[in-house]
$ cat start.txt   # compact mmCIF, C-alpha atoms
# COMPACT_ATOMS: atom_id res chain seq x y z
CA PRO S 1336 -16.85 19.53 -21.22
CA LEU S 1337 -18.75 17.96 -18.36
CA GLY S 1338 -21.58 20.46 -18.57
CA LYS S 1339 -24.23 21.05 -15.92
CA LYS S 1340 -25.07 17.52 -14.84
CA LEU S 1341 -25.64 15.64 -11.62
CA MET S 1342 -22.27 13.96 -11.65
CA LEU S 1343 -19.48 12.75 -9.40
CA VAL S 1344 -16.21 12.54 -11.33
CA ILE S 1345 -13.44 10.34 -9.90
CA ILE S 1346 -10.14 11.74 -11.15
CA ALA S 1347 -6.79 9.95 -11.04
CA THR S 1348 -3.81 12.23 -10.32
CA PRO S 1349 -0.06 11.62 -10.78
CA ILE S 1350 1.72 9.35 -8.29
CA GLY S 1351 4.92 11.30 -8.75
CA ASN S 1352 5.47 12.70 -12.22
CA VAL S 1353 3.06 15.55 -13.01
CA GLU S 1354 3.33 14.78 -16.74
CA ASP S 1355 1.26 11.65 -16.13
CA MET S 1356 -1.85 13.82 -15.66
CA SER S 1357 -4.07 13.21 -18.67
CA VAL S 1358 -5.49 16.10 -20.71
CA ARG S 1359 -9.01 14.77 -20.12
CA ALA S 1360 -8.48 14.59 -16.34
CA ALA S 1361 -7.06 18.14 -16.26
CA ASN S 1362 -10.06 19.42 -18.22
CA ALA S 1363 -12.41 17.68 -15.81
CA LEU S 1364 -10.77 19.51 -12.91
CA ARG S 1365 -11.23 22.80 -14.75
CA ASP S 1366 -14.93 22.09 -15.35
CA ALA S 1367 -15.79 20.91 -11.84
CA ASN S 1368 -17.83 23.15 -9.55
CA ILE S 1369 -16.35 21.56 -6.44
CA ILE S 1370 -13.13 19.62 -5.88
CA ALA S 1371 -13.17 17.20 -2.94
CA CYS S 1372 -9.70 16.01 -1.95
CA GLU S 1373 -7.67 14.37 0.82
CA ASP S 1374 -5.41 17.36 1.49
CA THR S 1375 -6.30 20.75 0.01
CA ARG S 1376 -2.66 21.87 0.09
CA THR S 1377 -1.51 18.92 -2.03
CA THR S 1378 -4.27 19.35 -4.60
CA LYS S 1379 -3.84 23.13 -4.82
CA LYS S 1380 -0.16 22.57 -5.58
CA LEU S 1381 -1.15 20.20 -8.41
CA LEU S 1382 -3.61 22.75 -9.80
CA ARG S 1383 -0.92 25.43 -9.83
CA LEU S 1384 1.44 23.09 -11.71
CA LEU S 1385 -1.33 22.45 -14.25
CA ASP S 1386 -2.22 26.15 -14.47
CA ILE S 1387 -5.77 25.45 -13.33
CA GLU S 1388 -7.68 28.12 -11.42
CA VAL S 1389 -8.83 26.97 -7.99
CA PRO S 1390 -12.65 26.63 -8.03
CA GLY S 1391 -14.96 28.56 -5.72
CA LYS S 1392 -15.51 25.52 -3.51
CA PHE S 1393 -12.53 23.44 -2.57
CA ILE S 1394 -13.13 20.99 0.26
CA ALA S 1395 -11.20 18.38 2.22
CA TYR S 1396 -12.78 14.92 2.16
CA HIS S 1397 -11.01 12.06 3.95
CA ASP S 1398 -11.35 9.29 6.56
CA HIS S 1399 -11.79 11.61 9.52
CA ASN S 1400 -14.47 13.94 8.14
CA GLY S 1401 -16.18 11.76 5.53
CA ALA S 1402 -19.37 11.16 7.52
CA SER S 1403 -19.95 14.87 8.07
CA ILE S 1404 -18.92 16.08 4.59
CA ARG S 1405 -20.80 13.49 2.50
CA PRO S 1406 -24.27 15.01 3.06
CA PHE S 1407 -23.00 18.40 1.83
CA LEU S 1408 -21.45 16.89 -1.30
CA LEU S 1409 -24.60 14.89 -2.05
CA SER S 1410 -26.72 18.00 -1.62
CA GLU S 1411 -24.52 19.93 -4.05
CA LEU S 1412 -24.68 17.08 -6.56
CA GLN S 1413 -28.46 16.96 -6.33
CA GLN S 1414 -28.55 20.70 -7.10
CA GLY S 1415 -26.79 20.05 -10.40
CA LYS S 1416 -23.20 20.68 -9.36
CA VAL S 1417 -20.30 18.65 -10.74
CA VAL S 1418 -18.07 17.33 -7.96
CA ALA S 1419 -14.55 16.09 -8.71
CA LEU S 1420 -13.09 13.58 -6.23
CA VAL S 1421 -9.30 13.29 -6.07
CA SER S 1422 -6.78 11.71 -3.70
CA ASP S 1423 -3.34 13.06 -2.90
CA ALA S 1424 -1.82 10.77 -5.52
CA GLY S 1425 -3.07 8.05 -7.82
CA THR S 1426 -6.59 6.75 -8.29
CA PRO S 1427 -9.21 7.59 -5.64
CA LEU S 1428 -10.88 4.69 -3.77
CA ILE S 1429 -7.68 2.60 -3.91
CA SER S 1430 -6.93 2.33 -0.17
CA ASP S 1431 -9.03 5.38 0.70
CA PRO S 1432 -12.66 5.89 1.81
CA GLY S 1433 -14.11 7.32 -1.39
CA PHE S 1434 -16.27 4.25 -2.04
CA LYS S 1435 -18.78 5.44 0.58
CA LEU S 1436 -19.47 8.57 -1.45
CA VAL S 1437 -19.78 6.53 -4.65
CA GLU S 1438 -22.14 4.10 -2.90
CA ALA S 1439 -24.32 7.01 -1.70
CA CYS S 1440 -24.42 8.46 -5.23
CA HIS S 1441 -25.71 5.18 -6.65
CA GLU S 1442 -28.39 5.04 -3.96
CA LYS S 1443 -29.57 8.55 -4.98
CA ASN S 1444 -29.33 7.90 -8.75
CA ILE S 1445 -26.48 10.39 -9.17
CA ARG S 1446 -24.24 9.56 -12.11
CA VAL S 1447 -20.67 8.49 -11.30
CA THR S 1448 -17.90 8.51 -13.89
CA ALA S 1449 -14.10 8.43 -13.78
CA MET S 1450 -11.07 9.82 -15.54
CA PRO S 1451 -8.69 6.85 -15.27
CA GLY S 1452 -4.97 7.28 -14.84
CA PRO S 1453 -1.99 6.50 -12.58
CA THR S 1454 -2.24 3.89 -9.85
CA ALA S 1455 0.79 2.52 -8.02
CA PRO S 1456 -0.37 -1.11 -7.50
CA ILE S 1457 -0.98 -1.69 -11.22
CA MET S 1458 2.25 0.00 -12.25
CA ALA S 1459 4.20 -2.15 -9.77
CA LEU S 1460 2.50 -5.27 -11.10
CA THR S 1461 3.28 -4.46 -14.72
CA VAL S 1462 7.00 -3.92 -14.06
CA SER S 1463 7.37 -6.84 -11.62
CA GLY S 1464 7.89 -9.66 -14.09
CA LEU S 1465 5.41 -11.76 -12.10
CA PRO S 1466 2.17 -13.20 -13.55
CA THR S 1467 -0.35 -10.46 -14.31
CA ASP S 1468 -3.35 -12.50 -15.49
CA LYS S 1469 -4.64 -13.05 -11.94
CA PHE S 1470 -3.72 -10.92 -8.94
CA THR S 1471 -4.98 -9.53 -5.64
CA PHE S 1472 -4.42 -6.07 -4.17
CA ASN S 1473 -4.38 -6.28 -0.37
CA GLY S 1474 -3.74 -2.66 0.61
CA PHE S 1475 -1.33 -1.82 3.43
CA VAL S 1476 0.24 -4.63 5.43
CA PRO S 1477 -1.18 -4.10 8.95
CA ALA S 1478 1.18 -2.30 11.34
CA THR S 1479 1.42 -4.82 14.20
CA LEU S 1480 3.19 -8.18 13.89
CA ALA S 1481 0.14 -10.16 14.96
CA ALA S 1482 -2.22 -8.39 12.56
CA SER S 1483 0.24 -8.53 9.66
CA ARG S 1484 0.83 -12.23 10.17
CA LYS S 1485 -2.93 -12.88 10.24
CA SER S 1486 -3.48 -10.95 6.99
CA ILE S 1487 -0.60 -12.60 5.16
CA LEU S 1488 -1.67 -16.07 6.35
CA GLN S 1489 -5.05 -15.49 4.70
CA THR S 1490 -3.30 -15.26 1.31
CA SER S 1491 -0.71 -18.01 1.83
CA ASN S 1492 -2.49 -20.65 -0.28
CA SER S 1493 -3.54 -18.30 -3.07
CA GLN S 1494 -2.14 -18.93 -6.52
CA LEU S 1495 -2.68 -15.27 -7.41
CA THR S 1496 0.10 -12.70 -7.48
CA GLN S 1497 -0.15 -10.66 -4.27
CA ILE S 1498 0.19 -6.85 -4.18
CA TRP S 1499 0.72 -5.00 -0.88
CA PHE S 1500 1.58 -1.48 0.25
CA SER S 1501 4.40 -1.20 2.80
CA THR S 1502 6.35 1.56 4.52
CA ALA S 1503 10.10 2.06 4.72
CA SER S 1504 10.24 1.58 8.49
CA LYS S 1505 8.26 -1.69 8.37
CA LEU S 1506 9.55 -3.14 5.10
CA LEU S 1507 12.14 -5.51 6.58
CA THR S 1508 9.69 -6.86 9.15
CA HIS S 1509 7.04 -7.37 6.47
CA LEU S 1510 9.49 -9.24 4.23
CA LYS S 1511 10.49 -11.52 7.12
CA THR S 1512 6.85 -12.25 7.95
CA MET S 1513 6.20 -13.09 4.30
CA LEU S 1514 9.24 -15.37 4.18
CA SER S 1515 8.04 -17.24 7.27
CA ILE S 1516 4.58 -17.76 5.75
CA TYR S 1517 5.06 -17.86 1.98
CA GLY S 1518 8.45 -19.52 1.84
CA ASN S 1519 11.23 -18.14 -0.35
CA ARG S 1520 9.02 -16.88 -3.17
CA ARG S 1521 10.13 -14.40 -5.76
CA ALA S 1522 9.15 -10.89 -4.82
CA VAL S 1523 9.54 -7.32 -6.03
CA VAL S 1524 10.05 -4.13 -4.03
CA ALA S 1525 8.92 -1.19 -6.19
CA ARG S 1526 9.47 2.27 -4.72
CA GLU S 1527 9.23 5.91 -5.75
CA LEU S 1528 7.37 4.91 -8.91
CA THR S 1529 7.49 7.54 -11.71
CA LYS S 1530 9.80 9.70 -9.56
CA LEU S 1531 13.47 10.57 -9.97
CA TYR S 1532 14.76 7.71 -7.78
CA GLU S 1533 12.38 5.02 -9.02
CA GLU S 1534 13.66 1.54 -8.18
CA VAL S 1535 12.33 -1.94 -8.92
CA ARG S 1536 14.25 -4.67 -7.05
CA SER S 1537 13.34 -8.28 -7.95
CA ALA S 1538 14.70 -11.28 -6.01
CA PRO S 1539 13.66 -14.19 -3.77
CA LEU S 1540 12.49 -12.99 -0.35
CA GLU S 1541 15.66 -14.20 1.39
CA GLU S 1542 17.83 -12.07 -0.91
CA LEU S 1543 15.65 -9.00 -0.42
CA ILE S 1544 15.88 -9.43 3.36
CA SER S 1545 19.66 -9.74 3.18
CA HIS S 1546 19.88 -6.62 1.01
CA TYR S 1547 17.81 -4.40 3.30
CA GLU S 1548 19.55 -5.72 6.43
CA LYS S 1549 22.80 -4.43 4.95
CA SER S 1550 21.58 -1.25 3.27
CA GLY S 1551 18.95 -0.17 5.79
CA PRO S 1552 15.37 0.86 5.03
CA PRO S 1553 14.80 2.47 1.63
CA LYS S 1554 13.23 5.88 1.23
CA GLY S 1555 9.93 6.65 -0.41
CA GLU S 1556 6.59 4.95 -0.99
CA ILE S 1557 6.73 1.19 -1.43
CA VAL S 1558 4.69 -1.46 -3.25
CA LEU S 1559 5.41 -5.16 -2.69
CA VAL S 1560 4.53 -7.71 -5.37
CA ILE S 1561 4.81 -11.38 -4.35
CA ALA S 1562 4.49 -14.51 -6.47
CA GLY S 1563 1.48 -16.74 -5.83
CA GLU S 1564 1.72 -20.21 -4.33
CA LEU S 1565 2.80 -21.71 -7.66
CA GLY S 1566 5.63 -19.18 -7.92
CA GLU S 1567 9.25 -19.97 -7.13
CA ALA S 1568 9.07 -21.04 -3.52
CA LEU S 1569 11.18 -23.26 -1.27
CA PRO S 1570 9.56 -25.52 1.33
CA LYS S 1571 8.57 -23.54 4.38
CA ASP S 1572 10.57 -25.83 6.69
CA SER S 1573 13.72 -24.53 4.99
CA ILE S 1574 13.30 -21.15 6.69
CA GLN S 1575 16.17 -20.54 9.09
CA ILE S 1576 14.47 -19.70 12.40
CA ASP S 1577 17.85 -19.25 14.06
CA VAL S 1578 18.72 -16.48 11.58
CA LEU S 1579 15.59 -14.56 12.55
CA LEU S 1580 16.32 -15.12 16.24
CA LYS S 1581 19.94 -14.01 16.06
CA GLU S 1582 18.94 -10.79 14.32
CA ALA S 1583 16.11 -10.12 16.80
CA LEU S 1584 18.36 -10.77 19.83
CA GLN S 1585 20.73 -8.08 18.57
CA ARG S 1586 17.93 -5.50 18.72
CA LEU S 1587 15.64 -6.65 21.49
CA SER S 1588 15.52 -8.18 24.95
CA LEU S 1589 15.20 -11.97 25.17
CA ARG S 1590 11.48 -11.71 25.94
CA ASP S 1591 10.72 -9.31 23.08
CA ALA S 1592 12.88 -11.27 20.62
CA VAL S 1593 11.07 -14.51 21.47
CA ASN S 1594 7.68 -12.79 21.10
CA GLU S 1595 8.59 -11.25 17.73
CA VAL S 1596 9.95 -14.47 16.20
CA SER S 1597 7.02 -16.45 17.56
CA ILE S 1598 4.62 -14.15 15.75
CA LEU S 1599 6.74 -14.04 12.58
CA THR S 1600 7.00 -17.82 12.29
CA GLY S 1601 3.92 -19.14 14.05
CA MET S 1602 6.08 -21.27 16.36
CA GLN S 1603 5.10 -21.66 19.99
CA LYS S 1604 6.91 -19.27 22.34
CA LYS S 1605 8.24 -22.19 24.39
CA GLN S 1606 10.00 -23.60 21.32
CA VAL S 1607 11.40 -20.22 20.30
CA TYR S 1608 12.58 -19.56 23.86
CA GLY S 1609 14.49 -22.85 23.87
CA LEU S 1610 16.20 -21.99 20.60
CA ALA S 1611 17.05 -18.52 21.92
CA LEU S 1612 18.70 -19.96 25.03
CA THR S 1613 20.73 -22.31 22.83
CA ILE S 1614 21.94 -19.38 20.71
CA MET S 1615 22.82 -17.30 23.78
CA ASN S 1616 24.65 -20.20 25.45
CA SER S 1617 26.58 -20.83 22.25
CA LYS S 1618 27.75 -17.19 22.23
CA THR S 1619 28.83 -17.44 25.88
CA GLN S 1620 30.88 -20.57 25.24
CA ASN S 1621 32.58 -19.00 22.24
$ encode --input "start.txt" --output "structure tokens"
Amino acid sequence: PLGKKLMLVIIATPIGNVEDMSVRAANALRDANIIACEDTRTTKKLLRLLDIEVPGKFIAYHDHNGASIRPFLLSELQQGKVVALVSDAGTPLISDPGFKLVEACHEKNIRVTAMPGPTAPIMALTVSGLPTDKFTFNGFVPATLAASRKSILQTSNSQLTQIWFSTASKLLTHLKTMLSIYGNRRAVVARELTKLYEEVRSAPLEELISHYEKSGPPKGEIVLVIAGELGEALPKDSIQIDVLLKEALQRLSLRDAVNEVSILTGMQKKQVYGLALTIMNSKTQN
């Protein structure tokens, strides 16, 4: 039992399979005076599945309201309440704003502890077959092409295994950006981890791109694990720019296709434009 202590308890929740909830973590939820969570509906559903009575105070705590809710939580903690912090799935603070609350607790000498458990990045790493002794978790690949290219470039010379979050709609674009920067390294797409349709697909980046071009975007939540610089990579000049251009020209206008491939590969737009005209002229002649 947690008892009556000034304490923030960080509690990991299942990423898919409710049976991954530890007994200790479930007991901590039962003992907490307040549960702070991303989405109250999601956490209430978990409590029902675990047969845990909803506490008197159940409060949403996330990116958008964190600044206004933190003072209340700190006040409750200083009055001797036990506050449990949970995310919708997995371990809090991994790609969410919980660290600001933890930081504030340390500043006010409030004890912080954790009930460790499921976390998608580590599970993906352990099943990837890539080196696990040194790795970096980079969070979500940024949404725009320019921002994603900038973030991936920052890791291009790292010898550490790289872990990223991606989304189904952006997966193919992210894989192409990685191919253009990393070269044809071995990579793993891990999706729906611990759920019914769990899938771990391991292959060089070129093969993964070919697969998803044919099959379409996969469903579910996605973790990408990419070999470090010393992994299996081909020279970057072996990347087929014309393949990227042909695919882009099928979806986009000439201007947009040139812009996309320029960002993906780092080539100057003038060079890409020239290659695009060559491809289009070749189609006309055939």
$ residues_near_point --input "start.txt" --point "(2.2, -5.2, 12.5)" --cutoff "10 Å" --atoms "all atoms listed in the file" --output "ChimeraX atom specification"
/S:1476-1486,1505,1508-1509,1512,1598-1599
$ residues_around --input "start.txt" --residues "Pro1432 in chain S" --least-positions-apart "2" --cutoff "12 Å" --atoms "all atoms listed in the file" --output "list in words"
Cys1372, Glu1373, Tyr1396, His1397, Asp1398, His1399, Asn1400, Gly1401, Ala1402, Arg1405, Leu1420, Val1421, Ser1422, Thr1426, Pro1427, Leu1428, Ile1429, Ser1430, Phe1434, Lys1435, Leu1436, Val1437 and Glu1438 of chain S
$ atom_distance --input "start.txt" --atom1 "CA of Cys1440 in chain S" --atom2 "CA of Gln1413 in chain S"
9.5 Å
$ axis_aligned_box --input "start.txt" --around "range 1544-1559 of chain S" --padding-each-side "3 Å" --output "AutoDock Vina command-line options"
--center_x 13.7 --center_y -1.5 --center_z 1.6 --size_x 24.1 --size_y 22.4 --size_z 15.7
$ atom_distance --input "start.txt" --atom1 "CA of Lys1581 in chain S" --atom2 "CA of Gln1603 in chain S"
17.2 Å
$ atom_distance --input "start.txt" --atom1 "CA of Leu1507 in chain S" --atom2 "CA of Asp1374 in chain S"
29.3 Å
$ closest_atom_pairs --input "start.txt" --of "range 1338-1410 of chain S" --to "range 1448-1472 of chain S" --cutoff "6 Å" --atoms "all atoms listed in the file" --output "JSON lines"
{"residue": "S:Val1344", "atom": "CA", "partner": "S:Thr1448", "partner_atom": "CA", "distance": 5.1}
{"residue": "S:Ile1345", "atom": "CA", "partner": "S:Ala1449", "partner_atom": "CA", "distance": 4.4}
{"residue": "S:Ile1346", "atom": "CA", "partner": "S:Met1450", "partner_atom": "CA", "distance": 4.9}
{"residue": "S:Ala1347", "atom": "CA", "partner": "S:Gly1452", "partner_atom": "CA", "distance": 5.0}
{"residue": "S:Pro1349", "atom": "CA", "partner": "S:Pro1453", "partner_atom": "CA", "distance": 5.8}
{"residue": "S:Ala1360", "atom": "CA", "partner": "S:Met1450", "partner_atom": "CA", "distance": 5.5}
$ closest_residue --input "start.txt" --among "S:Ile1561, S:Ile1544, S:Lys1379, S:Thr1496" --to "Val1523 in chain S" --atoms "only C-alpha atoms"
S:Ile1561
$ residues_around --input "start.txt" --residues "Asp1577 in chain S" --least-positions-apart "3" --cutoff "9 Å" --atoms "only C-alpha atoms" --output "list in words"
Ile1574, Leu1580, Lys1581, Glu1582, Leu1610, Ala1611 and Ile1614 of chain S
$ residues_near_point --input "start.txt" --point "(20.3, -14.3, 6.4)" --cutoff "7 Å" --atoms "all atoms listed in the file" --output "PyMOL selection string"
chain S and resi 1541+1545+1578
$ write_last_selection --input "start.txt" --atoms "C-alpha atoms" --output "PDB file, keeping the file's coordinate frame"
ATOM      1  CA  GLU S1541      15.660 -14.200   1.390  1.00  0.00           C
ATOM      2  CA  SER S1545      19.660  -9.740   3.180  1.00  0.00           C
ATOM      3  CA  VAL S1578      18.720 -16.480  11.580  1.00  0.00           C
TER       4      VAL S1578
END
$ closest_residue --input "start.txt" --among "S:Arg1536, S:Arg1359, S:Arg1526, S:His1441" --to "Gly1555 in chain S" --atoms "all atoms listed in the file"
S:Arg1526
$ residues_around --input "start.txt" --residues "Ile1516 in chain S" --least-positions-apart "3" --cutoff "7 Å" --atoms "only C-alpha atoms" --output "MDAnalysis selection string"
chainID S and resid 1488 1491 1512:1513 1600
$ build_atoms --input "start.txt" --residues "range 1579-1590 of chain S" --atoms "all heavy atoms" --output "PDB file, keeping the file's coordinate frame"
ATOM      1  N   LEU S1579      16.516 -15.564  12.064  1.00  0.00           N
ATOM      2  CA  LEU S1579      15.590 -14.560  12.550  1.00  0.00           C
ATOM      3  C   LEU S1579      15.842 -14.255  14.029  1.00  0.00           C
ATOM      4  O   LEU S1579      15.826 -13.098  14.459  1.00  0.00           O
ATOM      5  CB  LEU S1579      14.145 -15.021  12.370  1.00  0.00           C
ATOM      6  CG  LEU S1579      13.619 -15.175  10.940  1.00  0.00           C
ATOM      7  CD1 LEU S1579      12.202 -15.746  10.958  1.00  0.00           C
ATOM      8  CD2 LEU S1579      13.634 -13.839  10.204  1.00  0.00           C
ATOM      9  N   LEU S1580      16.096 -15.297  14.807  1.00  0.00           N
ATOM     10  CA  LEU S1580      16.320 -15.120  16.240  1.00  0.00           C
ATOM     11  C   LEU S1580      17.595 -14.344  16.531  1.00  0.00           C
ATOM     12  O   LEU S1580      17.623 -13.437  17.369  1.00  0.00           O
ATOM     13  CB  LEU S1580      16.394 -16.487  16.925  1.00  0.00           C
ATOM     14  CG  LEU S1580      15.182 -16.920  17.756  1.00  0.00           C
ATOM     15  CD1 LEU S1580      15.395 -18.298  18.330  1.00  0.00           C
ATOM     16  CD2 LEU S1580      14.903 -15.925  18.861  1.00  0.00           C
ATOM     17  N   LYS S1581      18.671 -14.703  15.844  1.00  0.00           N
ATOM     18  CA  LYS S1581      19.940 -14.010  16.060  1.00  0.00           C
ATOM     19  C   LYS S1581      19.808 -12.517  15.766  1.00  0.00           C
ATOM     20  O   LYS S1581      20.316 -11.675  16.509  1.00  0.00           O
ATOM     21  CB  LYS S1581      21.037 -14.627  15.187  1.00  0.00           C
ATOM     22  CG  LYS S1581      21.503 -15.998  15.647  1.00  0.00           C
ATOM     23  CD  LYS S1581      22.520 -16.593  14.675  1.00  0.00           C
ATOM     24  CE  LYS S1581      22.939 -17.992  15.114  1.00  0.00           C
ATOM     25  NZ  LYS S1581      23.874 -18.611  14.144  1.00  0.00           N
ATOM     26  N   GLU S1582      19.109 -12.200  14.678  1.00  0.00           N
ATOM     27  CA  GLU S1582      18.940 -10.790  14.320  1.00  0.00           C
ATOM     28  C   GLU S1582      18.070 -10.076  15.354  1.00  0.00           C
ATOM     29  O   GLU S1582      18.360  -8.946  15.761  1.00  0.00           O
ATOM     30  CB  GLU S1582      18.298 -10.709  12.931  1.00  0.00           C
ATOM     31  CG  GLU S1582      18.284  -9.314  12.303  1.00  0.00           C
ATOM     32  CD  GLU S1582      17.085  -8.498  12.739  1.00  0.00           C
ATOM     33  OE1 GLU S1582      16.036  -9.098  13.041  1.00  0.00           O
ATOM     34  OE2 GLU S1582      17.194  -7.256  12.778  1.00  0.00           O
ATOM     35  N   ALA S1583      17.005 -10.743  15.821  1.00  0.00           N
ATOM     36  CA  ALA S1583      16.110 -10.120  16.800  1.00  0.00           C
ATOM     37  C   ALA S1583      16.810  -9.920  18.138  1.00  0.00           C
ATOM     38  O   ALA S1583      16.603  -8.901  18.815  1.00  0.00           O
ATOM     39  CB  ALA S1583      14.865 -10.992  16.986  1.00  0.00           C
ATOM     40  N   LEU S1584      17.661 -10.872  18.541  1.00  0.00           N
ATOM     41  CA  LEU S1584      18.360 -10.770  19.830  1.00  0.00           C
ATOM     42  C   LEU S1584      19.377  -9.630  19.838  1.00  0.00           C
ATOM     43  O   LEU S1584      19.747  -9.126  20.905  1.00  0.00           O
ATOM     44  CB  LEU S1584      19.066 -12.094  20.148  1.00  0.00           C
ATOM     45  CG  LEU S1584      18.144 -13.232  20.587  1.00  0.00           C
ATOM     46  CD1 LEU S1584      18.880 -14.564  20.566  1.00  0.00           C
ATOM     47  CD2 LEU S1584      17.563 -12.953  21.981  1.00  0.00           C
ATOM     48  N   GLN S1585      19.822  -9.221  18.656  1.00  0.00           N
ATOM     49  CA  GLN S1585      20.730  -8.080  18.570  1.00  0.00           C
ATOM     50  C   GLN S1585      20.025  -6.765  18.830  1.00  0.00           C
ATOM     51  O   GLN S1585      20.633  -5.792  19.253  1.00  0.00           O
ATOM     52  CB  GLN S1585      21.402  -8.044  17.195  1.00  0.00           C
ATOM     53  CG  GLN S1585      22.374  -9.183  16.957  1.00  0.00           C
ATOM     54  CD  GLN S1585      22.948  -9.164  15.547  1.00  0.00           C
ATOM     55  OE1 GLN S1585      22.549  -8.354  14.717  1.00  0.00           O
ATOM     56  NE2 GLN S1585      23.885 -10.061  15.272  1.00  0.00           N
ATOM     57  N   ARG S1586      18.696  -6.743  18.590  1.00  0.00           N
ATOM     58  CA  ARG S1586      17.930  -5.500  18.720  1.00  0.00           C
ATOM     59  C   ARG S1586      17.086  -5.428  19.978  1.00  0.00           C
ATOM     60  O   ARG S1586      16.798  -4.341  20.485  1.00  0.00           O
ATOM     61  CB  ARG S1586      16.976  -5.336  17.518  1.00  0.00           C
ATOM     62  CG  ARG S1586      17.635  -5.255  16.167  1.00  0.00           C
ATOM     63  CD  ARG S1586      16.577  -5.052  15.072  1.00  0.00           C
ATOM     64  NE  ARG S1586      15.789  -6.240  14.814  1.00  0.00           N
ATOM     65  CZ  ARG S1586      14.535  -6.431  15.186  1.00  0.00           C
ATOM     66  NH1 ARG S1586      13.889  -5.476  15.847  1.00  0.00           N
ATOM     67  NH2 ARG S1586      13.893  -7.547  14.894  1.00  0.00           N
ATOM     68  N   LEU S1587      16.678  -6.615  20.462  1.00  0.00           N
ATOM     69  CA  LEU S1587      15.640  -6.650  21.490  1.00  0.00           C
ATOM     70  C   LEU S1587      16.083  -7.463  22.706  1.00  0.00           C
ATOM     71  O   LEU S1587      17.084  -8.189  22.665  1.00  0.00           O
ATOM     72  CB  LEU S1587      14.364  -7.293  20.916  1.00  0.00           C
ATOM     73  CG  LEU S1587      13.774  -6.661  19.644  1.00  0.00           C
ATOM     74  CD1 LEU S1587      12.722  -7.577  19.045  1.00  0.00           C
ATOM     75  CD2 LEU S1587      13.192  -5.296  19.953  1.00  0.00           C
ATOM     76  N   SER S1588      15.310  -7.338  23.770  1.00  0.00           N
ATOM     77  CA  SER S1588      15.520  -8.180  24.950  1.00  0.00           C
ATOM     78  C   SER S1588      15.136  -9.610  24.592  1.00  0.00           C
ATOM     79  O   SER S1588      14.470  -9.862  23.573  1.00  0.00           O
ATOM     80  CB  SER S1588      14.658  -7.691  26.111  1.00  0.00           C
ATOM     81  OG  SER S1588      13.272  -7.866  25.804  1.00  0.00           O
ATOM     82  N   LEU S1589      15.524 -10.566  25.419  1.00  0.00           N
ATOM     83  CA  LEU S1589      15.200 -11.970  25.170  1.00  0.00           C
ATOM     84  C   LEU S1589      13.691 -12.149  25.038  1.00  0.00           C
ATOM     85  O   LEU S1589      13.206 -12.799  24.100  1.00  0.00           O
ATOM     86  CB  LEU S1589      15.740 -12.838  26.315  1.00  0.00           C
ATOM     87  CG  LEU S1589      15.317 -14.325  26.298  1.00  0.00           C
ATOM     88  CD1 LEU S1589      15.798 -15.006  25.036  1.00  0.00           C
ATOM     89  CD2 LEU S1589      15.852 -15.031  27.544  1.00  0.00           C
ATOM     90  N   ARG S1590      12.938 -11.563  25.956  1.00  0.00           N
ATOM     91  CA  ARG S1590      11.480 -11.710  25.940  1.00  0.00           C
ATOM     92  C   ARG S1590      10.874 -11.154  24.659  1.00  0.00           C
ATOM     93  O   ARG S1590      10.041 -11.810  24.020  1.00  0.00           O
ATOM     94  CB  ARG S1590      10.890 -10.989  27.147  1.00  0.00           C
ATOM     95  CG  ARG S1590       9.365 -11.040  27.207  1.00  0.00           C
ATOM     96  CD  ARG S1590       8.858 -10.284  28.417  1.00  0.00           C
ATOM     97  NE  ARG S1590       7.406 -10.236  28.443  1.00  0.00           N
ATOM     98  CZ  ARG S1590       6.700  -9.619  29.385  1.00  0.00           C
ATOM     99  NH1 ARG S1590       7.322  -8.990  30.360  1.00  0.00           N
ATOM    100  NH2 ARG S1590       5.384  -9.613  29.332  1.00  0.00           N
TER     101      ARG S1590
END
